[in-house]
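Participant: What follows is input_35.tsv; its format and atoms are TSV, C-alpha atoms and all ligand atoms.
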```tsv
chain	number	residue	atom	x	y	z
V	1	MET	CA	222.04	67.22	106.48
V	2	LYS	CA	222.70	69.49	103.53
V	3	LEU	CA	226.17	69.38	101.95
V	4	VAL	CA	227.73	71.51	99.25
V	5	THR	CA	230.60	69.78	97.46
V	6	VAL	CA	233.04	72.00	95.56
V	7	VAL	CA	235.00	70.40	92.71
V	8	GLY	CA	236.82	71.79	89.70
V	9	ALA	CA	239.62	69.50	88.55
V	10	ARG	CA	239.95	65.96	87.20
V	11	PRO	CA	241.23	64.22	90.35
V	12	GLN	CA	238.48	65.89	92.38
V	13	PHE	CA	235.77	64.46	90.12
V	14	ILE	CA	237.15	60.96	90.74
V	15	LYS	CA	237.34	61.44	94.52
V	16	ALA	CA	233.90	63.08	94.70
V	17	ALA	CA	232.43	60.21	92.65
V	18	ALA	CA	233.36	57.74	95.40
V	19	VAL	CA	231.98	59.88	98.23
V	20	SER	CA	228.83	60.91	96.32
V	21	ARG	CA	227.95	57.25	95.79
V	22	GLU	CA	228.13	56.76	99.56
V	23	ILE	CA	226.18	59.94	100.38
V	24	ALA	CA	223.41	58.78	98.04
V	25	GLN	CA	222.89	55.74	100.33
V	26	HIS	CA	221.80	58.04	103.16
V	27	SER	CA	218.28	59.44	102.81
V	28	ASP	CA	218.95	62.04	105.52
V	29	MET	CA	221.78	63.59	103.47
V	30	GLN	CA	221.46	65.93	100.52
V	31	GLU	CA	224.41	66.89	98.31
V	32	LEU	CA	224.63	69.84	95.92
V	33	ILE	CA	227.64	69.97	93.63
V	34	VAL	CA	229.39	73.17	92.58
V	35	HIS	CA	231.71	72.80	89.56
V	36	THR	CA	234.08	75.76	89.47
V	37	GLY	CA	235.09	75.06	85.87
V	38	GLN	CA	238.85	74.91	86.56
V	39	HIS	CA	239.01	71.87	84.19
V	40	PHE	CA	236.53	72.39	81.39
V	41	ASP	CA	237.52	70.35	78.29
V	42	SER	CA	235.05	67.51	77.77
V	43	ASN	CA	237.86	64.92	78.17
V	44	MET	CA	239.03	66.57	81.40
V	45	SER	CA	235.56	67.13	82.89
V	46	ASP	CA	232.27	65.94	81.30
V	47	ILE	CA	233.51	62.42	80.59
V	48	PHE	CA	234.12	61.84	84.32
V	49	PHE	CA	230.61	62.95	85.29
V	50	GLU	CA	229.10	60.73	82.58
V	51	GLU	CA	231.17	57.56	83.11
V	52	MET	CA	231.07	57.59	86.88
V	53	ARG	CA	227.50	58.87	87.03
V	54	ILE	CA	228.38	61.71	89.36
V	55	PRO	CA	225.27	63.78	90.12
V	56	ARG	CA	224.98	66.74	87.73
V	57	PRO	CA	226.40	69.92	89.25
V	58	GLN	CA	223.67	72.29	90.42
V	59	TYR	CA	226.06	75.19	89.84
V	60	ARG	CA	228.71	75.73	87.16
V	61	LEU	CA	230.95	78.74	87.66
V	62	ASP	CA	232.94	78.34	84.42
V	63	ILE	CA	236.09	79.91	85.88
V	64	HIS	CA	239.29	78.82	84.11
V	65	SER	CA	242.30	79.86	82.03
V	66	MET	CA	243.49	82.71	84.23
V	67	GLY	CA	246.19	83.37	86.84
V	68	HIS	CA	246.01	81.93	90.34
V	69	GLY	CA	244.90	85.20	91.97
V	70	ALA	CA	242.09	85.98	89.55
V	71	MET	CA	240.92	82.37	89.46
V	72	THR	CA	240.86	81.88	93.22
V	73	GLY	CA	239.29	85.31	93.77
V	74	ARG	CA	236.47	84.76	91.29
V	75	MET	CA	235.78	81.30	92.65
V	76	LEU	CA	235.64	82.71	96.17
V	77	GLU	CA	233.09	85.29	95.12
V	78	GLY	CA	230.99	82.77	93.17
V	79	ILE	CA	230.99	80.12	95.89
V	80	GLU	CA	230.19	82.67	98.61
V	81	GLY	CA	227.01	83.68	96.76
V	82	ILE	CA	225.92	80.05	96.41
V	83	LEU	CA	226.55	79.28	100.09
V	84	ALA	CA	224.67	82.38	101.20
V	85	ASP	CA	221.65	81.16	99.20
V	86	GLU	CA	221.88	77.45	99.98
V	87	LYS	CA	222.85	77.68	103.67
V	88	PRO	CA	224.40	74.18	103.86
V	89	ASP	CA	225.45	72.44	107.07
V	90	ALA	CA	228.89	71.79	105.65
V	91	VAL	CA	231.07	72.28	102.57
V	92	VAL	CA	233.18	69.35	101.33
V	93	VAL	CA	236.40	70.09	99.45
V	94	TYR	CA	238.96	67.71	97.96
V	95	GLY	CA	242.71	67.80	97.51
V	96	ASP	CA	244.81	70.84	96.82
V	97	THR	CA	243.63	72.97	93.89
V	98	ASN	CA	242.50	76.59	93.73
V	99	SER	CA	238.91	75.27	93.87
V	100	THR	CA	239.74	73.55	97.17
V	101	LEU	CA	241.05	76.70	98.77
V	102	ALA	CA	238.27	78.92	97.41
V	103	GLY	CA	235.57	76.51	98.64
V	104	ALA	CA	237.07	76.25	102.11
V	105	LEU	CA	237.65	79.98	102.49
V	106	ALA	CA	234.19	80.99	101.27
V	107	ALA	CA	232.59	78.53	103.71
V	108	LYS	CA	234.71	79.45	106.70
V	109	LYS	CA	234.02	83.17	106.36
V	110	LEU	CA	230.29	82.38	106.43
V	111	HIS	CA	230.76	80.12	109.48
V	112	VAL	CA	229.83	77.03	107.50
V	113	SER	CA	231.72	73.89	108.58
V	114	VAL	CA	234.48	72.78	106.22
V	115	ALA	CA	235.39	69.12	105.61
V	116	HIS	CA	238.67	68.56	103.77
V	117	VAL	CA	239.12	65.19	102.08
V	118	GLU	CA	242.85	64.41	101.58
V	119	ALA	CA	243.93	66.54	104.53
V	120	GLY	CA	247.43	66.45	106.03
V	121	LEU	CA	249.44	65.77	102.89
V	122	ARG	CA	252.69	67.68	102.61
V	123	SER	CA	255.47	67.87	100.02
V	124	PHE	CA	257.37	70.41	102.18
V	125	ASN	CA	257.96	72.35	98.97
V	126	MET	CA	256.34	75.75	99.35
V	127	THR	CA	257.01	76.69	95.70
V	128	MET	CA	254.21	74.29	94.70
V	129	PRO	CA	250.79	75.96	94.38
V	130	GLU	CA	249.28	72.69	95.63
V	131	GLU	CA	251.29	72.85	98.89
V	132	ILE	CA	250.08	76.39	99.59
V	133	ASN	CA	246.47	75.43	98.86
V	134	ARG	CA	246.53	72.36	101.07
V	135	ILE	CA	248.20	74.01	104.06
V	136	LEU	CA	245.76	76.95	104.03
V	137	THR	CA	242.76	74.68	103.51
V	138	ASP	CA	243.77	72.37	106.36
V	139	ARG	CA	244.16	75.31	108.74
V	140	ILE	CA	240.58	76.51	108.27
V	141	SER	CA	238.92	73.09	108.07
V	142	ASP	CA	236.73	71.74	110.85
V	143	LEU	CA	236.97	68.12	109.76
V	144	LEU	CA	240.34	66.94	108.43
V	145	LEU	CA	239.94	63.62	106.67
V	146	CYS	CA	243.39	62.09	106.25
V	147	PRO	CA	244.16	59.31	103.77
V	148	THR	CA	247.23	57.92	105.58
V	149	ASP	CA	249.02	57.64	108.93
V	150	ASN	CA	251.69	59.98	107.53
V	151	ALA	CA	249.09	62.65	106.85
V	152	VAL	CA	247.84	62.44	110.47
V	153	LEU	CA	251.43	62.64	111.66
V	154	ASN	CA	252.10	65.77	109.60
V	155	LEU	CA	249.15	67.51	111.24
V	156	ARG	CA	250.15	66.35	114.69
V	157	ARG	CA	253.64	67.84	114.14
V	158	GLU	CA	252.08	71.14	113.03
V	159	GLY	CA	250.18	71.38	116.31
V	160	TYR	CA	246.71	70.41	115.13
V	161	GLY	CA	246.12	68.61	118.43
V	162	ASP	CA	245.61	72.07	119.94
V	163	PHE	CA	243.40	73.44	117.16
V	164	PRO	CA	239.58	73.42	117.29
V	165	CYS	CA	239.10	70.75	114.65
V	166	THR	CA	238.71	67.00	114.21
V	167	VAL	CA	241.47	65.00	112.55
V	168	LEU	CA	240.59	61.52	111.37
V	169	LYS	CA	242.34	58.85	109.35
V	170	THR	CA	239.87	57.50	106.81
V	171	GLY	CA	241.99	55.85	104.12
V	172	ASP	CA	242.09	57.08	100.56
V	173	VAL	CA	238.93	57.61	98.50
V	174	MET	CA	240.91	57.03	95.29
V	175	GLN	CA	241.21	53.37	96.26
V	176	ASP	CA	237.42	53.24	96.72
V	177	ALA	CA	237.01	54.67	93.23
V	178	ALA	CA	239.65	52.40	91.68
V	179	LEU	CA	238.11	49.26	93.20
V	180	PHE	CA	234.54	50.10	92.25
V	181	TYR	CA	235.08	51.40	88.72
V	182	SER	CA	237.80	48.94	87.67
V	183	ALA	CA	235.19	46.19	88.01
V	184	ILE	CA	233.16	47.82	85.20
V	185	SER	CA	235.75	49.70	83.12
V	186	ALA	CA	236.77	46.83	80.80
V	187	LYS	CA	233.31	46.65	79.20
V	188	ALA	CA	233.29	50.38	78.49
V	189	SER	CA	236.86	50.91	77.28
V	190	THR	CA	238.20	50.07	73.83
V	191	LEU	CA	241.44	52.04	74.16
V	192	LEU	CA	243.80	49.06	74.35
V	193	GLU	CA	242.43	47.68	71.07
V	194	ARG	CA	242.59	51.09	69.44
V	195	LEU	CA	246.24	51.48	70.44
V	196	ASP	CA	246.93	47.85	69.55
V	197	LEU	CA	248.37	47.30	73.02
V	198	HIS	CA	247.00	43.90	73.98
V	199	GLY	CA	249.81	41.57	74.96
V	200	GLU	CA	252.60	44.05	74.33
V	201	PRO	CA	254.61	45.44	77.27
V	202	TYR	CA	254.28	49.19	77.70
V	203	ALA	CA	255.05	51.97	80.14
V	204	LEU	CA	252.25	54.39	81.10
V	205	CYS	CA	253.36	57.97	81.55
V	206	THR	CA	251.75	61.29	82.53
V	207	VAL	CA	253.39	64.70	82.97
V	208	HIS	CA	251.49	67.82	83.96
V	209	ARG	CA	252.86	69.35	87.16
V	210	ALA	CA	253.86	73.01	86.93
V	211	GLU	CA	257.35	72.33	88.32
V	212	ASN	CA	258.01	70.19	85.21
V	213	THR	CA	256.04	72.06	82.58
V	214	ASP	CA	257.24	75.52	83.66
V	215	SER	CA	260.90	74.49	83.43
V	216	PRO	CA	262.24	73.84	79.89
V	217	GLU	CA	265.27	72.02	81.38
V	218	ARG	CA	263.11	69.63	83.39
V	219	LEU	CA	260.69	68.99	80.52
V	220	ASP	CA	263.58	68.39	78.07
V	221	ALA	CA	265.18	65.90	80.49
V	222	ILE	CA	261.88	64.01	80.90
V	223	VAL	CA	261.40	63.90	77.11
V	224	ALA	CA	264.99	62.64	76.63
V	225	ALA	CA	264.39	59.90	79.20
V	226	LEU	CA	261.11	58.81	77.57
V	227	ASN	CA	262.75	58.70	74.13
V	228	THR	CA	265.48	56.43	75.56
V	229	ILE	CA	262.98	54.20	77.37
V	230	ALA	CA	260.89	53.88	74.18
V	231	ALA	CA	263.79	52.01	72.54
V	232	SER	CA	263.17	49.08	74.90
V	233	MET	CA	259.45	49.39	75.66
V	234	ARG	CA	256.48	51.17	74.11
V	235	VAL	CA	255.34	54.25	76.03
V	236	VAL	CA	251.75	55.48	76.27
V	237	LEU	CA	251.49	59.16	77.11
V	238	PRO	CA	248.04	60.71	77.62
V	239	LEU	CA	249.01	64.35	77.53
V	240	HIS	CA	247.54	67.05	79.75
V	241	PRO	CA	246.65	70.10	77.61
V	242	ARG	CA	249.22	72.24	79.47
V	243	THR	CA	252.05	69.84	78.53
V	244	ALA	CA	250.71	69.26	75.01
V	245	ALA	CA	250.88	72.99	74.32
V	246	LEU	CA	254.59	73.00	75.19
V	247	LEU	CA	255.76	69.88	73.35
V	248	PRO	CA	256.47	70.15	69.61
V	249	ARG	CA	255.06	67.20	67.63
V	250	ASP	CA	258.56	65.95	66.73
V	251	ALA	CA	259.90	66.07	70.33
V	252	LEU	CA	258.88	62.46	70.96
V	253	VAL	CA	259.98	59.37	69.05
V	254	GLU	CA	257.37	57.37	67.16
V	255	ARG	CA	257.19	54.47	69.63
V	256	ILE	CA	255.66	56.87	72.15
V	257	ALA	CA	251.88	56.92	71.75
V	258	ARG	CA	251.10	60.57	72.39
V	259	ILE	CA	247.37	60.67	72.97
V	260	ASP	CA	244.78	63.13	74.29
V	261	PRO	CA	243.79	62.93	77.97
V	262	VAL	CA	241.68	59.82	78.51
V	263	GLY	CA	238.60	59.20	80.63
V	264	TYR	CA	238.87	57.35	83.92
V	265	PHE	CA	237.69	54.01	82.50
V	266	ASP	CA	240.36	54.10	79.79
V	267	MET	CA	242.94	55.07	82.41
V	268	LEU	CA	241.95	52.13	84.61
V	269	GLU	CA	242.38	49.75	81.69
V	270	LEU	CA	245.79	51.27	80.88
V	271	LEU	CA	246.78	50.82	84.54
V	272	LYS	CA	245.63	47.20	84.70
V	273	HIS	CA	247.75	46.17	81.73
V	274	THR	CA	250.84	48.36	81.98
V	275	ASN	CA	254.24	47.08	83.12
V	276	ILE	CA	255.29	50.27	84.85
V	277	VAL	CA	254.06	53.82	85.54
V	278	LEU	CA	256.16	56.98	85.09
V	279	THR	CA	254.40	60.06	86.41
V	280	ASP	CA	254.42	63.36	88.24
V	281	SER	CA	250.76	62.93	89.20
V	282	GLY	CA	249.78	62.33	92.82
V	283	GLY	CA	246.83	60.13	91.89
V	284	LEU	CA	248.74	57.95	89.43
V	285	GLN	CA	251.40	57.10	92.04
V	286	LYS	CA	248.72	55.53	94.22
V	287	GLU	CA	246.85	53.94	91.35
V	288	ALA	CA	250.09	52.22	90.28
V	289	PHE	CA	250.15	50.67	93.77
V	290	PHE	CA	246.44	49.72	93.67
V	291	PHE	CA	247.11	47.77	90.46
V	292	ALA	CA	250.41	46.30	91.74
V	293	LYS	CA	252.59	48.17	89.23
V	294	PRO	CA	255.98	49.70	90.02
V	295	CYS	CA	256.19	53.47	89.69
V	296	VAL	CA	258.90	56.00	88.87
V	297	THR	CA	257.93	59.47	90.06
V	298	LEU	CA	259.14	62.42	87.98
V	299	ARG	CA	259.44	64.73	90.98
V	300	ASP	CA	262.00	65.52	93.66
V	301	GLU	CA	259.60	64.73	96.51
V	302	THR	CA	256.21	63.12	97.05
V	303	GLU	CA	253.33	63.45	99.48
V	304	TRP	CA	252.88	59.65	99.32
V	305	VAL	CA	256.04	58.79	101.23
V	306	GLU	CA	254.81	55.33	102.28
V	307	LEU	CA	255.10	54.24	98.64
V	308	VAL	CA	258.78	55.19	98.50
V	309	GLU	CA	259.49	53.68	101.93
V	310	GLY	CA	257.79	50.42	100.87
V	311	GLY	CA	259.86	50.16	97.67
V	312	TYR	CA	256.82	50.60	95.38
V	313	ASN	CA	257.90	53.96	94.04
V	314	ALA	CA	261.26	55.51	93.11
V	315	LEU	CA	261.72	59.27	93.13
V	316	ALA	CA	263.71	60.15	90.01
V	317	GLY	CA	263.20	63.91	89.78
V	318	ALA	CA	263.65	65.32	86.29
V	319	ASN	CA	267.10	63.92	85.57
V	320	ALA	CA	267.21	61.85	82.35
V	321	GLU	CA	269.82	59.34	83.58
V	322	THR	CA	268.10	58.82	86.94
V	323	ILE	CA	264.72	58.32	85.25
V	324	VAL	CA	266.13	55.68	82.87
V	325	SER	CA	268.05	53.85	85.61
V	326	SER	CA	265.04	53.97	87.99
V	327	PHE	CA	262.88	52.57	85.17
V	328	SER	CA	265.21	49.55	84.85
V	329	THR	CA	265.54	49.04	88.60
V	330	MET	CA	261.81	49.28	89.28
V	331	LEU	CA	260.92	46.89	86.45
V	332	GLY	CA	262.92	44.21	88.25
V	333	ARG	CA	261.41	44.84	91.70
V	334	ARG	CA	258.69	42.66	93.17
V	335	PRO	CA	257.59	44.38	96.39
V	336	ASP	CA	254.65	43.01	98.40
V	337	PHE	CA	251.66	44.86	96.97
V	338	ASP	CA	249.29	43.24	99.49
V	339	GLN	CA	250.06	45.85	102.16
V	340	ASP	CA	247.01	47.85	103.24
V	341	LEU	CA	248.26	51.43	102.93
V	342	TYR	CA	245.05	53.16	101.85
V	343	GLY	CA	242.09	51.40	103.45
V	344	ARG	CA	241.13	48.97	100.67
V	345	GLY	CA	237.99	50.83	99.68
V	346	SER	CA	236.63	51.74	103.11
V	347	ALA	CA	237.36	55.49	103.04
V	348	SER	CA	234.07	56.88	101.68
V	349	GLY	CA	232.03	55.09	104.35
V	350	LYS	CA	234.21	56.55	107.10
V	351	ILE	CA	234.05	60.01	105.55
V	352	VAL	CA	230.25	59.99	105.41
V	353	GLU	CA	229.98	58.78	109.01
V	354	ALA	CA	232.36	61.58	110.08
V	355	LEU	CA	230.31	64.15	108.16
V	356	LYS	CA	227.20	63.02	110.04
V	357	ARG	CA	228.96	63.48	113.37
V	358	LEU	CA	230.27	66.92	112.37
V	359	GLY	CA	229.30	69.47	114.93
V	360	THR	CA	228.46	66.93	117.62
V	361	ASP	CA	231.98	65.60	118.13
V	362	GLY	CA	233.86	68.50	119.68
V	363	ARG	CA	237.47	68.40	118.65
V	364	SER	CA	239.76	65.45	118.61
V	365	ILE	CA	242.86	64.13	116.93
V	366	ALA	CA	242.65	60.44	116.27
V	367	ARG	CA	244.34	57.82	114.19
J	1	LIG	N1	243.61	60.55	84.82
J	1	LIG	C1	242.71	60.22	83.84
J	1	LIG	N2	243.04	60.47	82.53
J	1	LIG	C2	244.23	61.01	82.16
J	1	LIG	C3	245.16	61.33	83.18
J	1	LIG	C4	244.82	61.10	84.51
J	1	LIG	O1	241.63	59.73	84.13
J	1	LIG	O2	244.48	61.21	80.96
J	1	LIG	C5	243.24	60.30	86.21
J	1	LIG	C6	244.23	59.44	86.97
J	1	LIG	O3	243.93	58.08	86.80
J	1	LIG	C7	244.04	59.90	88.39
J	1	LIG	C8	243.70	61.36	88.23
J	1	LIG	O4	243.25	61.53	86.90
J	1	LIG	O5	242.96	59.26	88.99
J	1	LIG	C9	244.94	62.17	88.51
J	1	LIG	O6	244.77	63.41	88.06
J	1	LIG	P1	245.98	64.42	87.83
J	1	LIG	O7	247.19	63.64	87.45
J	1	LIG	O8	245.45	65.44	86.90
J	1	LIG	O9	246.14	65.12	89.24
J	1	LIG	P2	246.92	64.80	90.56
J	1	LIG	O10	246.57	63.43	91.02
J	1	LIG	O11	248.37	64.99	90.32
J	1	LIG	O12	246.39	65.83	91.53
```
Taking this structure as input, can you express it in the form of structure tokens?

Facilitator:
Amino acid sequence: MKLVTVVGARPQFIKAAAVSREIAQHSDMQELIVHTGQHFDSNMSDIFFEEMRIPRPQYRLDIHSMGHGAMTGRMLEGIEGILADEKPDAVVVYGDTNSTLAGALAAKKLHVSVAHVEAGLRSFNMTMPEEINRILTDRISDLLLCPTDNAVLNLRREGYGDFPCTVLKTGDVMQDAALFYSAISAKASTLLERLDLHGEPYALCTVHRAENTDSPERLDAIVAALNTIAASMRVVLPLHPRTAALLPRDALVERIARIDPVGYFDMLELLKHTNIVLTDSGGLQKEAFFFAKPCVTLRDETEWVELVEGGYNALAGANAETIVSSFSTMLGRRPDFDQDLYGRGSASGKIVEALKRLGTDGRSIAR
């Protein structure tokens, strides 16, 4: 079976790393990787391929730093050419970026089967580019690989039981990646020593989502909250380039370690030793749970509702007072982190088995 995997952004490299490792165990499967170039800085792209030993992309489209329409359009054109040449049995796409949508659309128009990893997630906020990308991708996918029961339920409610596709709950590949790589990250990472963090409590924070960076009011409120929190606990803030470009150097107090984006191994070490996570990232919310850390989410809603329902995560939006009070409340919480919400590392195996069955299964909706 010949697969083309389309990736372009940091979280997709991490997810594809887990599935690629599994595909490599099957001698009857061949995977070609297309890197659209959406993330291109070495600390947002190359470092992930190197550390996690993801197979080198056969194709690099180098498409980045442009508006959504131009970016998605050029990716569509580039990917279509590759698929016409390679004639794969299926295209695998991950998550909710422009690369996801372009990969799925190019494949579907050429009648190549589409497998969507992380299908069925919804924020129910149609102003988010991610929500638009994921809804459109789901609708044209043949194999919808859902990380959670809630994701399956979302698709069921949207009528996917009547659509010609297969919906399957697999668990979350990010937990596969976190389990595998966290066993080897300590040897490779020196970040905690470099930041002099060993033994000292700290909060780990990331901010990059357009709804926060595109709104000066929201970004100011988040900065005010972090400056307040830093009075009681150090804050480590690996800054996405989009956010870094908007934040003047003096916006943050000195006790906040403003650092460049880090590789996955450094991030895993930061997660293992932090006291709490504050983030607007989808991936970080789950990783906080994987490492039994409370999380405050800097958004008004989340796709990972089971974390909020289970008391692992508090939605604080971008209100300074709510963020600070949620920080204090969550620090004192001790929820049961032993719950199996994401499959405990079994997702990639299920995804690869489902890929093998693709085309022979007919359509089904299953939990
Ligand atoms: N991440 C990383 N280095 C960083 C920030 C994030 O390795 O400096 C990882 C993080 O651990 C998670 C993924 O990137 O696995 C999340 O990516 P991002 O927040 O960009 O996207 P989202 O999850 O919101 O789609």

Participant: List all protein, DNA and RNA residues that have an atom no more than 6 Å from any atom of ligand LIG 1 (chain J), counting all atoms listed in the file, and report them as a list in words.

Facilitator: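 So, counting all atoms listed in the file, the residues near ligand LIG 1 (chain J) are Arg10, Pro11, Pro238, Pro261, Val262, Gly263, Tyr264, Met267, Ser281, Gly282, Gly283 and Leu284 of chain V.
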
Participant: Print the selection's residues with C-alpha atoms to a file, as a JSON list (two decimals), keeping the file's coordinate frame.

Facilitator:
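Result written to result31.json:
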```
[["chain", "number", "residue", "atom", "x", "y", "z"],
["V", 10, "ARG", "CA", 239.95, 65.96, 87.20],
["V", 11, "PRO", "CA", 241.23, 64.22, 90.35],
["V", 238, "PRO", "CA", 248.04, 60.71, 77.62],
["V", 261, "PRO", "CA", 243.79, 62.93, 77.97],
["V", 262, "VAL", "CA", 241.68, 59.82, 78.51],
["V", 263, "GLY", "CA", 238.60, 59.20, 80.63],
["V", 264, "TYR", "CA", 238.87, 57.35, 83.92],
["V", 267, "MET", "CA", 242.94, 55.07, 82.41],
["V", 281, "SER", "CA", 250.76, 62.93, 89.20],
["V", 282, "GLY", "CA", 249.78, 62.33, 92.82],
["V", 283, "GLY", "CA", 246.83, 60.13, 91.89],
["V", 284, "LEU", "CA", 248.74, 57.95, 89.43]]
```

Participant: Could you state the separation of atom CA of Gly95 of chain V and atom CA of Asp149 of chain V in Å, given to one decimal place?

Facilitator: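 So the two atoms, atom CA of Gly95 of chain V and atom CA of Asp149 of chain V, lie 16.5 Å apart.
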
Participant: Need to verify the contact set: Glu301 of chain V, 7 Å, only C-alpha atoms, exclusion of same-chain residues closer than 2 positions in sequence. Can you return it as number ranges by chain?

Facilitator: V: 123, 299, 315

Participant: Take the residues that were just selected and, keeping C-alpha atoms, output them as a PDB file, in the coordinates of the input.

Facilitator:
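Heads up, here's the output in result-v9.pdb:
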```pdb
ATOM      1  CA  SER V 123     255.470  67.870 100.020  1.00  0.00           C
ATOM      2  CA  ARG V 299     259.440  64.730  90.980  1.00  0.00           C
ATOM      3  CA  LEU V 315     261.720  59.270  93.130  1.00  0.00           C
TER       4      LEU V 315
END
```

Participant: Looking at V:Asn133, V:Asp162, V:Asp266, V:Cys146, which one is nearest to Leu195 of chain V, with distances taken over all atoms listed in the file?

Facilitator: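 Checking each of V:Asn133, V:Asp162, V:Asp266, V:Cys146 against Leu195 of chain V, counting all atoms listed in the file, the winner is V:Asp266.
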
Participant: Would you work out the distance separating atom CA of Phe327 of chain V from atom CA of Ala186 of chain V, expressed in Å to one decimal?

Facilitator: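 Taking atom CA of Phe327 of chain V and atom CA of Ala186 of chain V, their separation equals 27.1 Å.
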
Participant: Please provide the set of residues having any atom within 12 Å of Ser328 of chain V, restricted to all atoms listed in the file, with same-chain residues fewer than 6 positions apart removed, written as a list in words.

Facilitator: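 Contacts, in chain order: Ala203, Ala225, Thr228, Ile229, Ser232, Met233, Asn275, Ile276, Val277, Leu278, Pro294, Cys295, Val296, Ala314, Ala316, Glu321 and Thr322 of chain V.
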
Participant: What's the separation between atom CA of Leu191 of chain V and atom CA of Phe265 of chain V, in Å to one decimal place?

Facilitator: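 We find that atom CA of Leu191 of chain V and atom CA of Phe265 of chain V lie 9.4 Å from each other.
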
Participant: If I put a ball of radius 10 Å at (260.4, 55.6, 69.3) in the file's coordinates, which residues poke into it when counting all atoms listed in the file, written as a list in words?

Facilitator: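 Those residues, ordered by chain and then number, are Leu226, Asn227, Thr228, Ile229, Ala230, Ala231, Ser232, Met233, Arg234, Val235, Leu252, Val253, Glu254, Arg255, Ile256 and Ala257 of chain V.
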
Participant: Per residue of segment 141-217 of chain V within 12 Å of segment 22-39 of chain V, note the shortest atom pair and the distance in Å to one decimal, counting all atoms listed in the file, and order the rows by chain and increasing residue number, as a tab-separated table.

Facilitator:
```
residue	atom	partner	partner_atom	distance
V:Val173	CA	V:Glu22	CA	10.9
V:Asp176	CA	V:Glu22	CA	10.3
V:Ala177	CA	V:Glu22	CA	11.1
V:Phe180	CA	V:Glu22	CA	11.8
```

Participant: Check which residues of segment 138-242 of chain V sit at most 8 Å from segment 339-351 of chain V using only C-alpha atoms, and return one row each with the closest pair of atoms and their distance in Å to one decimal, ordered by chain and rising number, as CSV.

Facilitator:
```
residue,atom,partner,partner_atom,distance
V:Leu145,CA,V:Ile351,CA,7.0
V:Pro147,CA,V:Tyr342,CA,6.5
V:Thr148,CA,V:Tyr342,CA,6.4
V:Thr170,CA,V:Ala347,CA,5.0
V:Gly171,CA,V:Gly343,CA,4.5
V:Asp172,CA,V:Tyr342,CA,5.1
V:Val173,CA,V:Ala347,CA,5.3
V:Gln175,CA,V:Gly345,CA,5.3
V:Asp176,CA,V:Gly345,CA,3.9
V:Ala177,CA,V:Gly345,CA,7.6
V:Leu179,CA,V:Gly345,CA,6.7
```

Participant: Rank nothing, just name the residue among V:Asp250, V:Glu118, V:Glu287, V:Glu309 nearest to Lys169 of chain V, using only C-alpha atoms.

Facilitator: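 Once distances to Lys169 of chain V are computed over only C-alpha atoms, the minimum belongs to V:Glu118.
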